[in-house]
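Source file work_31.cif; content: mmCIF, C-alpha atoms.
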```
data_my_file
#
loop_
_atom_site.label_atom_id
_atom_site.label_comp_id
_atom_site.auth_asym_id
_atom_site.auth_seq_id
_atom_site.Cartn_x
_atom_site.Cartn_y
_atom_site.Cartn_z
CA MET J 218 274.29 107.98 61.97
CA LYS J 219 274.41 104.70 60.07
CA LYS J 220 274.67 101.62 62.33
CA THR J 221 277.48 99.17 61.68
CA LYS J 222 276.89 95.43 61.55
CA LYS J 223 278.68 94.98 64.90
CA ALA J 224 276.51 97.63 66.57
CA THR J 225 273.38 96.01 65.13
CA ALA J 226 274.42 92.61 66.50
CA LEU J 227 275.01 94.08 69.98
CA LEU J 228 271.64 95.86 69.91
CA ALA J 229 269.88 92.66 68.87
CA CYS J 230 271.67 90.78 71.63
CA ALA J 231 270.47 93.33 74.18
CA MET J 232 266.90 93.07 72.92
CA MET J 233 266.91 89.28 73.13
CA THR J 234 268.31 89.46 76.67
CA SER J 235 265.54 91.85 77.64
CA LEU J 236 262.94 89.41 76.33
CA LEU J 237 264.41 86.63 78.45
CA LEU J 238 264.40 88.74 81.63
CA SER J 239 260.86 90.07 81.15
CA GLY J 240 259.09 86.79 80.31
CA CYS J 241 256.38 85.94 82.90
CA GLY J 242 256.82 82.59 84.61
CA LYS J 243 259.70 81.53 82.34
CA GLU J 244 262.81 80.05 83.85
CA LYS J 245 266.13 81.60 82.96
CA LYS J 246 268.54 79.07 81.44
CA GLU J 247 272.23 79.30 82.04
CA GLU J 248 274.24 79.19 78.81
CA GLU J 249 277.82 78.08 78.55
CA VAL J 250 280.03 81.14 78.17
CA THR J 251 282.42 80.84 75.22
CA THR J 252 284.44 83.24 73.11
CA GLN J 253 281.47 83.24 70.75
CA ALA J 254 278.54 84.70 72.70
CA GLN J 255 275.12 83.50 71.59
CA ILE J 256 271.49 83.45 72.68
CA ASN J 257 269.00 80.87 71.39
CA LEU J 258 265.25 81.42 71.58
CA SER J 259 263.06 78.67 70.14
CA PRO J 260 260.41 79.04 68.93
CA VAL J 261 260.01 82.80 68.44
CA SER J 262 257.29 84.47 66.38
CA THR J 263 258.87 86.63 63.71
CA MET J 264 257.37 89.61 61.94
CA ASP J 265 256.18 87.46 59.03
CA GLY J 266 254.26 85.20 61.43
CA SER J 267 256.53 82.18 61.09
CA ALA J 268 258.37 80.46 63.94
CA GLU J 269 262.07 79.67 63.78
CA ASP J 270 265.21 79.59 65.85
CA ILE J 271 266.76 83.00 66.34
CA GLN J 272 270.48 82.99 67.03
CA VAL J 273 272.25 86.22 67.93
CA ILE J 274 275.97 85.86 67.51
CA SER J 275 278.99 88.06 67.93
CA LYS J 276 282.64 87.12 67.54
CA GLU J 277 285.41 89.36 68.78
CA GLY J 278 287.44 90.84 65.94
CA TYR J 279 285.16 89.55 63.18
CA ILE J 280 282.04 90.52 61.26
CA LEU J 281 279.66 88.52 59.09
CA SER J 282 280.20 89.10 55.38
CA ASP J 283 277.25 90.56 53.46
CA LEU J 284 278.24 88.38 50.49
CA THR J 285 278.79 84.97 52.10
CA GLY J 286 277.34 85.10 55.62
CA GLU J 287 280.73 83.87 56.87
CA TRP J 288 283.10 85.43 59.40
CA ILE J 289 285.66 87.85 57.99
CA ASP J 290 288.09 90.21 59.71
CA GLU J 291 286.41 93.30 61.16
CA LYS J 292 288.80 95.49 59.15
CA TYR J 293 286.51 94.83 56.16
CA GLU J 294 283.46 96.28 57.89
CA ASN J 295 281.51 98.51 55.50
CA GLN J 296 284.16 97.99 52.80
CA ARG J 297 282.82 98.08 49.26
CA PRO J 298 283.14 94.89 47.18
CA PHE J 299 285.19 94.53 44.02
CA CYS J 300 283.39 93.30 40.88
CA LEU J 301 285.30 92.05 37.84
CA MET J 302 284.35 91.03 34.29
CA ILE J 303 285.69 87.53 33.59
CA ASN J 304 286.07 85.84 30.21
CA ASN J 305 284.16 82.53 30.01
CA ILE J 306 284.73 81.08 26.54
CA SER J 307 286.69 77.86 26.03
CA GLU J 308 289.84 79.74 24.94
CA ALA J 309 289.89 81.44 28.35
CA MET J 310 289.99 78.18 30.34
CA PRO J 311 291.18 77.70 32.99
CA GLN J 312 290.49 81.05 34.62
CA SER J 313 292.65 82.33 37.47
CA GLY J 314 291.61 83.38 40.96
CA ILE J 315 287.85 83.18 40.49
CA SER J 316 287.48 80.49 43.17
CA LYS J 317 288.06 83.33 45.67
CA ALA J 318 284.89 85.14 44.57
CA ALA J 319 282.12 85.36 47.15
CA ILE J 320 279.46 85.48 44.42
CA THR J 321 279.73 84.67 40.71
CA TYR J 322 277.11 85.72 38.16
CA GLU J 323 276.83 84.10 34.74
CA ILE J 324 274.94 86.18 32.17
CA LEU J 325 274.39 85.86 28.43
CA VAL J 326 276.17 88.28 26.14
CA GLU J 327 276.21 88.49 22.36
CA GLY J 328 276.65 85.37 20.21
CA GLY J 329 275.10 82.99 22.75
CA ILE J 330 278.20 82.99 25.00
CA THR J 331 278.35 84.03 28.63
CA ARG J 332 280.63 86.10 30.81
CA TYR J 333 281.05 86.17 34.57
CA LEU J 334 280.80 88.97 37.06
CA CYS J 335 282.87 87.86 40.05
CA VAL J 336 282.10 89.72 43.28
CA PHE J 337 284.77 89.76 46.00
CA ASP J 338 284.19 90.83 49.61
CA THR J 339 287.93 90.63 50.36
CA TYR J 340 290.50 91.14 47.62
CA ASP J 341 293.86 91.71 49.26
CA ASP J 342 295.27 88.19 48.85
CA ILE J 343 294.84 87.45 45.12
CA GLU J 344 298.01 86.69 43.16
CA LYS J 345 296.43 86.38 39.70
CA LEU J 346 292.90 87.13 38.54
CA GLY J 347 291.46 86.84 35.04
CA PRO J 348 291.28 86.75 32.10
CA ILE J 349 289.37 90.02 32.06
CA ARG J 350 287.02 91.28 29.36
CA SER J 351 284.95 94.34 28.53
CA ALA J 352 281.86 95.75 30.22
CA ARG J 353 278.26 95.01 29.30
CA VAL J 354 275.16 96.77 30.63
CA PRO J 355 273.72 94.01 32.91
CA TYR J 356 277.06 93.68 34.70
CA VAL J 357 277.38 97.45 35.12
CA GLN J 358 273.93 97.46 36.70
CA LEU J 359 274.89 94.67 39.11
CA ALA J 360 278.11 96.42 40.14
CA LYS J 361 276.08 99.53 40.91
CA MET J 362 273.58 97.47 42.95
CA TYR J 363 276.47 96.19 45.06
CA ASP J 364 277.92 99.72 45.41
CA ALA J 365 281.12 98.07 44.18
CA PHE J 366 284.29 98.96 42.33
CA TYR J 367 283.85 97.68 38.77
CA GLY J 368 286.86 96.26 36.96
CA HIS J 369 286.75 95.75 33.17
CA TYR J 370 288.91 96.20 30.08
CA GLY J 371 286.92 98.11 27.49
CA TRP J 372 283.17 98.36 27.05
CA SER J 373 280.28 98.08 24.63
CA PRO J 374 278.81 101.37 23.33
CA THR J 375 275.78 101.09 25.62
CA ALA J 376 277.92 100.20 28.65
CA GLN J 377 280.19 103.15 27.92
CA GLU J 378 277.20 105.47 27.75
CA MET J 379 275.89 104.17 31.07
CA ILE J 380 279.24 104.40 32.89
CA GLU J 381 280.14 107.84 31.58
CA GLY J 382 276.66 109.13 32.41
CA ASP J 383 276.58 107.96 36.04
CA SER J 384 279.27 109.19 38.43
CA SER J 385 278.13 106.70 41.09
CA ILE J 386 279.57 103.84 39.02
CA ASN J 387 283.20 103.48 40.09
CA SER J 388 284.64 102.14 36.84
CA LEU J 389 288.19 100.74 36.68
CA ASN J 390 288.66 100.54 32.91
CA GLY J 391 291.84 99.00 31.54
CA ILE J 392 291.68 101.28 28.49
CA TYR J 393 292.59 104.18 30.79
CA LEU J 394 294.38 102.43 33.63
CA GLY J 395 296.64 100.21 31.50
CA ASP J 396 299.72 99.11 33.48
CA ILE J 397 298.42 100.83 36.61
CA MET J 398 295.94 98.03 37.22
CA TYR J 399 296.23 95.38 34.52
CA TYR J 400 298.82 93.35 32.62
CA ARG J 401 298.88 90.98 29.65
CA SER J 402 300.15 87.43 30.04
CA SER J 403 302.46 86.06 27.33
CA ASP J 404 301.08 82.51 27.46
CA ARG J 405 297.76 83.36 25.76
CA PRO J 406 296.76 85.38 22.71
CA ALA J 407 294.85 88.64 23.07
CA PRO J 408 292.13 89.39 24.02
CA HIS J 409 292.15 86.40 26.39
CA ASN J 410 295.26 87.37 28.33
CA VAL J 411 294.43 90.37 30.54
CA TYR J 412 294.94 89.86 34.30
CA THR J 413 295.25 91.75 37.56
CA ASN J 414 296.14 91.06 41.21
CA SER J 415 295.56 92.53 44.66
CA ASP J 416 298.37 95.10 44.48
CA LEU J 417 297.22 96.31 41.06
CA ILE J 418 293.59 96.52 42.19
CA ALA J 419 294.65 98.73 45.10
CA SER J 420 296.72 100.86 42.72
CA GLY J 421 293.74 101.36 40.42
CA ILE J 422 291.40 102.35 43.25
CA GLU J 423 293.99 104.74 44.68
CA TYR J 424 294.70 106.28 41.26
CA LYS J 425 291.00 106.97 40.73
CA GLY J 426 290.58 108.30 44.28
CA TYR J 427 287.55 106.16 45.05
CA ASP J 428 286.21 105.78 48.61
CA TYR J 429 286.54 102.29 50.10
CA GLN J 430 283.48 102.70 52.36
CA HIS J 431 279.85 102.04 51.41
CA GLY J 432 277.58 105.02 50.92
CA ASP J 433 274.35 105.59 52.88
CA ASN J 434 272.18 104.14 50.08
CA TYR J 435 273.82 100.71 50.10
CA GLU J 436 271.27 97.87 50.17
CA LYS J 437 272.39 94.32 50.99
CA MET J 438 271.50 91.79 48.28
CA PHE J 439 271.12 88.43 50.06
CA SER J 440 270.19 87.25 53.55
CA PHE J 441 271.98 84.31 55.21
CA ASN J 442 271.37 81.76 57.94
CA TYR J 443 273.85 82.00 60.81
CA LYS J 444 274.77 78.36 60.23
CA ASP J 445 274.04 75.67 57.67
CA LYS J 446 270.34 74.85 57.74
CA PRO J 447 268.48 72.19 55.69
CA LEU J 448 265.84 73.46 53.31
CA GLU J 449 262.26 73.08 54.46
CA ASN J 450 260.17 71.08 51.98
CA GLY J 451 263.16 70.79 49.65
CA THR J 452 263.28 68.52 46.59
CA PRO J 453 266.40 66.38 45.87
CA ALA J 454 268.80 67.96 43.37
CA ASN J 455 272.02 66.06 42.74
CA LYS J 456 272.63 67.49 39.27
CA VAL J 457 271.57 70.85 37.81
CA VAL J 458 271.94 71.54 34.09
CA THR J 459 271.52 75.06 32.69
CA ALA J 460 271.48 74.63 28.91
CA PHE J 461 271.82 78.15 27.55
CA ASN J 462 271.72 76.69 24.03
CA GLU J 463 272.52 73.44 22.22
CA TYR J 464 276.23 74.28 22.18
CA TYR J 465 276.65 75.35 25.79
CA THR J 466 275.22 73.18 28.58
CA PRO J 467 277.13 73.71 31.85
CA TYR J 468 276.07 71.82 34.94
CA PHE J 469 276.62 71.33 38.68
CA GLU J 470 276.91 68.03 40.52
CA TYR J 471 276.35 67.70 44.25
CA ASN J 472 278.99 66.07 46.46
CA ALA J 473 277.43 64.85 49.70
CA GLY J 474 280.90 64.43 51.21
CA ASP J 475 281.50 68.16 51.56
CA GLY J 476 278.04 69.55 50.81
CA LEU J 477 279.16 71.50 47.71
CA TYR J 478 278.06 71.72 44.08
CA TYR J 479 280.91 71.16 41.57
CA ARG J 480 280.84 72.85 38.17
CA THR J 481 281.49 71.37 34.73
CA GLN J 482 281.44 73.18 31.40
CA TYR J 483 282.72 72.59 27.86
CA GLY J 484 282.77 68.88 28.69
CA SER J 485 285.35 69.11 31.50
CA PRO J 486 285.47 70.04 35.17
CA GLN J 487 285.92 73.81 35.44
CA THR J 488 289.04 74.53 37.47
CA ASP J 489 290.93 77.50 38.87
CA ALA J 490 294.35 77.70 37.24
CA GLU J 491 295.93 78.94 40.47
CA THR J 492 294.79 76.01 42.62
CA GLY J 493 294.14 73.31 40.04
CA GLU J 494 290.92 72.49 41.89
CA GLN J 495 287.44 72.21 40.42
CA LEU J 496 285.16 75.17 41.13
CA SER J 497 282.63 74.39 43.86
CA TYR J 498 279.82 76.32 45.51
CA LYS J 499 277.74 76.08 48.67
CA ASN J 500 274.78 77.78 47.01
CA VAL J 501 273.50 77.73 43.45
CA VAL J 502 270.80 80.19 42.41
CA ILE J 503 268.98 80.34 39.09
CA LEU J 504 267.30 83.69 38.42
CA MET J 505 264.77 83.56 35.60
CA VAL J 506 264.87 86.91 33.79
CA GLU J 507 263.62 88.69 30.71
CA TYR J 508 266.45 89.21 28.21
CA SER J 509 266.23 91.78 25.41
CA THR J 510 268.60 93.29 22.84
CA ASP J 511 269.42 96.77 21.60
CA ASP J 512 268.23 98.17 18.27
CA THR J 513 270.94 96.25 16.43
CA GLY J 514 269.81 92.97 17.99
CA TYR J 515 273.39 92.42 19.16
CA TYR J 516 273.96 93.52 22.75
CA ARG J 517 271.83 91.94 25.46
CA PHE J 518 270.04 93.56 28.38
CA VAL J 519 268.41 92.13 31.51
CA ASN J 520 265.18 93.37 33.06
CA TRP J 521 266.13 93.65 36.75
CA THR J 522 262.81 95.20 37.81
CA SER J 523 260.18 92.55 37.04
CA GLY J 524 260.49 89.60 39.41
CA LEU J 525 260.16 86.07 38.03
CA ASP J 526 260.87 82.54 39.26
CA VAL J 527 263.98 81.66 41.24
CA TYR J 528 265.45 78.25 42.09
CA TYR J 529 267.71 77.87 45.13
CA PHE J 530 269.99 74.82 45.53
CA THR J 531 271.96 73.88 48.65
CA ASP J 532 272.89 70.65 50.47
CA GLY J 533 271.59 68.47 47.63
CA GLN J 534 268.08 69.96 47.59
CA TYR J 535 266.24 72.87 46.02
CA ILE J 536 263.20 75.05 46.49
CA LYS J 537 261.40 77.28 44.03
CA GLY J 538 260.34 80.83 44.76
CA ARG J 539 260.28 84.25 43.21
CA TRP J 540 262.65 87.19 43.09
CA GLU J 541 261.53 90.79 43.38
CA ASN J 542 263.31 94.11 43.06
CA VAL J 543 263.31 95.62 46.55
CA GLY J 544 265.19 98.82 47.25
CA GLY J 545 266.82 98.65 43.83
CA VAL J 546 268.22 95.10 44.17
CA PRO J 547 266.79 91.65 43.33
CA LYS J 548 265.88 89.81 46.55
CA LEU J 549 264.79 86.19 46.84
CA PHE J 550 261.50 85.05 48.35
CA LYS J 551 259.93 81.71 49.13
CA GLU J 552 256.57 80.73 47.70
CA ASP J 553 254.92 81.79 50.99
CA GLY J 554 256.30 85.32 50.56
CA THR J 555 259.01 85.19 53.23
CA GLU J 556 262.58 86.05 52.26
CA MET J 557 264.91 83.19 51.39
CA LYS J 558 268.01 82.81 53.54
CA LEU J 559 271.05 81.27 51.93
CA ASN J 560 273.41 78.99 53.80
CA PRO J 561 276.80 80.53 54.65
CA GLY J 562 279.30 80.10 51.83
CA ASN J 563 280.00 81.13 48.26
CA THR J 564 277.22 81.39 45.67
CA PHE J 565 276.93 80.91 41.91
CA VAL J 566 274.04 82.79 40.25
CA THR J 567 272.90 81.76 36.78
CA VAL J 568 270.86 84.52 35.11
CA PHE J 569 268.66 82.46 32.79
CA ASP J 570 266.17 83.19 30.01
CA TYR J 571 262.65 82.74 31.40
CA THR J 572 261.29 81.74 27.97
CA ILE J 573 263.18 78.41 27.98
CA PRO J 574 262.44 76.86 31.40
CA ALA J 575 262.65 73.35 29.94
CA SER J 576 266.37 73.94 29.36
CA ILE J 577 266.91 73.68 33.11
CA VAL J 578 267.22 70.00 34.03
CA ILE J 579 267.24 68.95 37.69
CA GLU J 580 268.05 65.36 38.58
#
```

Can you give me the file's structure in the form of structure tokens?
Amino acid sequence: MKKTKKATALLACAMMTSLLLSGCGKEKKEEEVTTQAQINLSPVSTMDGSAEDIQVISKEGYILSDLTGEWIDEKYENQRPFCLMINNISEAMPQSGISKAAITYEILVEGGITRYLCVFDTYDDIEKLGPIRSARVPYVQLAKMYDAFYGHYGWSPTAQEMIEGDSSINSLNGIYLGDIMYYRSSDRPAPHNVYTNSDLIASGIEYKGYDYQHGDNYEKMFSFNYKDKPLENGTPANKVVTAFNEYYTPYFEYNAGDGLYYRTQYGSPQTDAETGEQLSYKNVVILMVEYSTDDTGYYRFVNWTSGLDVYYFTDGQYIKGRWENVGGVPKLFKEDGTEMKLNPGNTFVTVFDYTIPASIVIE
């Protein structure tokens, strides 16, 4: 039977306790008992040969999110995420509800523009979310990696072929779901005016009869520290520019006051229309990838199998490593080969063309 995250935490706690009791000549230390039980062992040799603090934590009524490493209600345990295609051209600004995403991916599509795939671990408190656009192959592949519901309105020919040919992809296509899951706002022209909300998302999932629980083949994408931890051997990074081309040069600026990276694009701070606040992220990841196009040279694809460089930014610093496809998902590794652990919080992932590394500027 598949172990839940809570069961795993309890088992780990028991193992750590056993180590404490069986150590020869070591004194047992009394720990303060709180509502958040924890054991600290330092240093401890890990399987990769490194030494680090190991903290085993449980919190009654909560679990740690696979997507943020933060505490969420235990009712979400093993619940599949919701992925949504988000418009990202200037006519679509400001977007609504995307500040609630646990992870946001930015990927090139045709014409040198980008779209977002917003990944939500909880999605039952969203009043307005969009604008929503059509599916493209790299986003379909990511949604499948997350074993997620995939919301979109329309699709490219290659994305349609992929979705219709793979029953494991739980598509929620506005072409078929219409008013069941989506609506058009009157304050913007089509096609930049398609939105949804929590009630409509639930209606779409129920209409399609999809299962809310992860399957047995689910593989977690990222690993997280239990608490914020400074990067080892990090390099200062107060501004990060990802110039996709000469016309589109978004960037992040670090705010030491709250430890977050704030996003700017199209010459202005990027905000969420529902809060009016600038988008900010605890973690910024740049995945260098190989882009290609179909036979027409129009639609773009991403090679998710061949690992290349990765840059990880948090707390005003960055490290460089490499990503590799492990178990069907891209995982992040340090230069010494150990897996990167992100700090708890939301993450923005830029999927960037490896042939133009000089277009990434770090200050």

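On the file presented, the PyMOL selection byres ((chain J and resi 412) around 10) picks out Ile303, Gln312, Ser313, Gly314, Glu344, Lys345, Leu346, Gly347, Pro348, Ile349, Arg350, Tyr370, Met398, Tyr399, Tyr400, Arg401, Ser402, His409, Asn410, Val411, Thr413, Asn414 and Leu417 of chain J.
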
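Nearest-residue note for J:Thr459: choosing from J:Asn304, J:Ser509, J:Thr481, J:Ser351, the minimum distance belongs to J:Thr481, counting only C-alpha atoms.
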
Expanded to explicit residues, what is the PyMOL selection byres ((chain J and resi 424-433) around 6) for this file, as a ChimeraX atom specification? /J:295-297,420-423,434-435

Would you kindly translate the PyMOL selection byres ((chain J and resi 334) around 8) into the concrete residues it picks from this file, as a ChimeraX atom specification? /J:300-303,321-323,332-333,335-336,356

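The gap separating atom CA of J:Glu494 from atom CA of J:Ala460 is 23.5 Å, in Å to one decimal.
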
Taking into account all atoms listed in the file, which residue in the set J:Tyr340, J:Tyr279, J:Trp540, J:Phe439 is nearest to J:Ser415? J:Tyr340

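Distances from J:Thr572, J:Ser275, J:Asn563, J:Ser384 to J:Tyr508 were compared using all atoms listed in the file, and the smallest one belongs to J:Thr572.
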
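Residues within 8 Å of J:Tyr479, counting only C-alpha atoms and excluding same-chain residues fewer than 2 positions away, are J:Phe469, J:Glu470, J:Tyr471, J:Asn472, J:Leu477, J:Thr481, J:Pro486, J:Gln495, J:Leu496, J:Ser497, J:Tyr498.
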
For a quick check of understanding, using only C-alpha atoms, which of J:Thr567, J:Asn542, J:Thr492, J:Thr510 has the smallest distance to J:Tyr468? J:Thr567

Grab the atom CA of J:Arg517 to atom CA of J:Asp570 distance for me, in Å with one decimal place. 11.4 Å

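The coordinates place atom CA of J:Pro298 at 11.4 Å from atom CA of J:Lys437.
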
I want to know what sits within 10 Å of J:Gly533, based on only C-alpha atoms, with residues of the same chain fewer than 6 positions away left out; could you give that as a list in words? Pro447, Leu448, Gly451, Thr452, Pro453, Ala454, Asn455, Lys456, Glu470, Tyr471, Asn472, Ala473, Gly476, Leu477, Tyr478, Lys499 and Asn500 of chain J

Report as an mmCIF file with C-alpha atoms, in the coordinates of the input all protein, DNA and RNA residues lying within 12 Å of J:Ser576, evaluated on all atoms listed in the file, omitting residues in the same chain fewer than 5 positions from it.
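That gives us part_36.cif:
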```cif
data_model
loop_
_atom_site.group_PDB
_atom_site.id
_atom_site.type_symbol
_atom_site.label_atom_id
_atom_site.label_comp_id
_atom_site.auth_asym_id
_atom_site.auth_seq_id
_atom_site.Cartn_x
_atom_site.Cartn_y
_atom_site.Cartn_z
ATOM 1 C CA VAL J 457 271.570 70.850 37.810
ATOM 2 C CA VAL J 458 271.940 71.540 34.090
ATOM 3 C CA THR J 459 271.520 75.060 32.690
ATOM 4 C CA ALA J 460 271.480 74.630 28.910
ATOM 5 C CA PHE J 461 271.820 78.150 27.550
ATOM 6 C CA ASN J 462 271.720 76.690 24.030
ATOM 7 C CA GLU J 463 272.520 73.440 22.220
ATOM 8 C CA TYR J 465 276.650 75.350 25.790
ATOM 9 C CA THR J 466 275.220 73.180 28.580
ATOM 10 C CA PRO J 467 277.130 73.710 31.850
ATOM 11 C CA TYR J 468 276.070 71.820 34.940
ATOM 12 C CA ILE J 503 268.980 80.340 39.090
ATOM 13 C CA MET J 505 264.770 83.560 35.600
ATOM 14 C CA PHE J 569 268.660 82.460 32.790
ATOM 15 C CA ASP J 570 266.170 83.190 30.010
ATOM 16 C CA TYR J 571 262.650 82.740 31.400
#
```

Kindly provide, as number ranges by chain, the polymer residues lying within 9 Å of (279.1, 99.6, 41.9), counting all atoms listed in the file and using the coordinates exactly as they appear in the file. J: 297-300, 357-367, 385-388

At a cut-off of 12 Å, using all atoms listed in the file, what residues contact J:Gln377? Leave out same-chain residues fewer than 3 positions from it and give the result as JSON, numbers by chain. {"J": [351, 352, 353, 354, 357, 369, 370, 371, 372, 373, 374, 380, 381, 382, 383, 386, 388, 390, 392]}
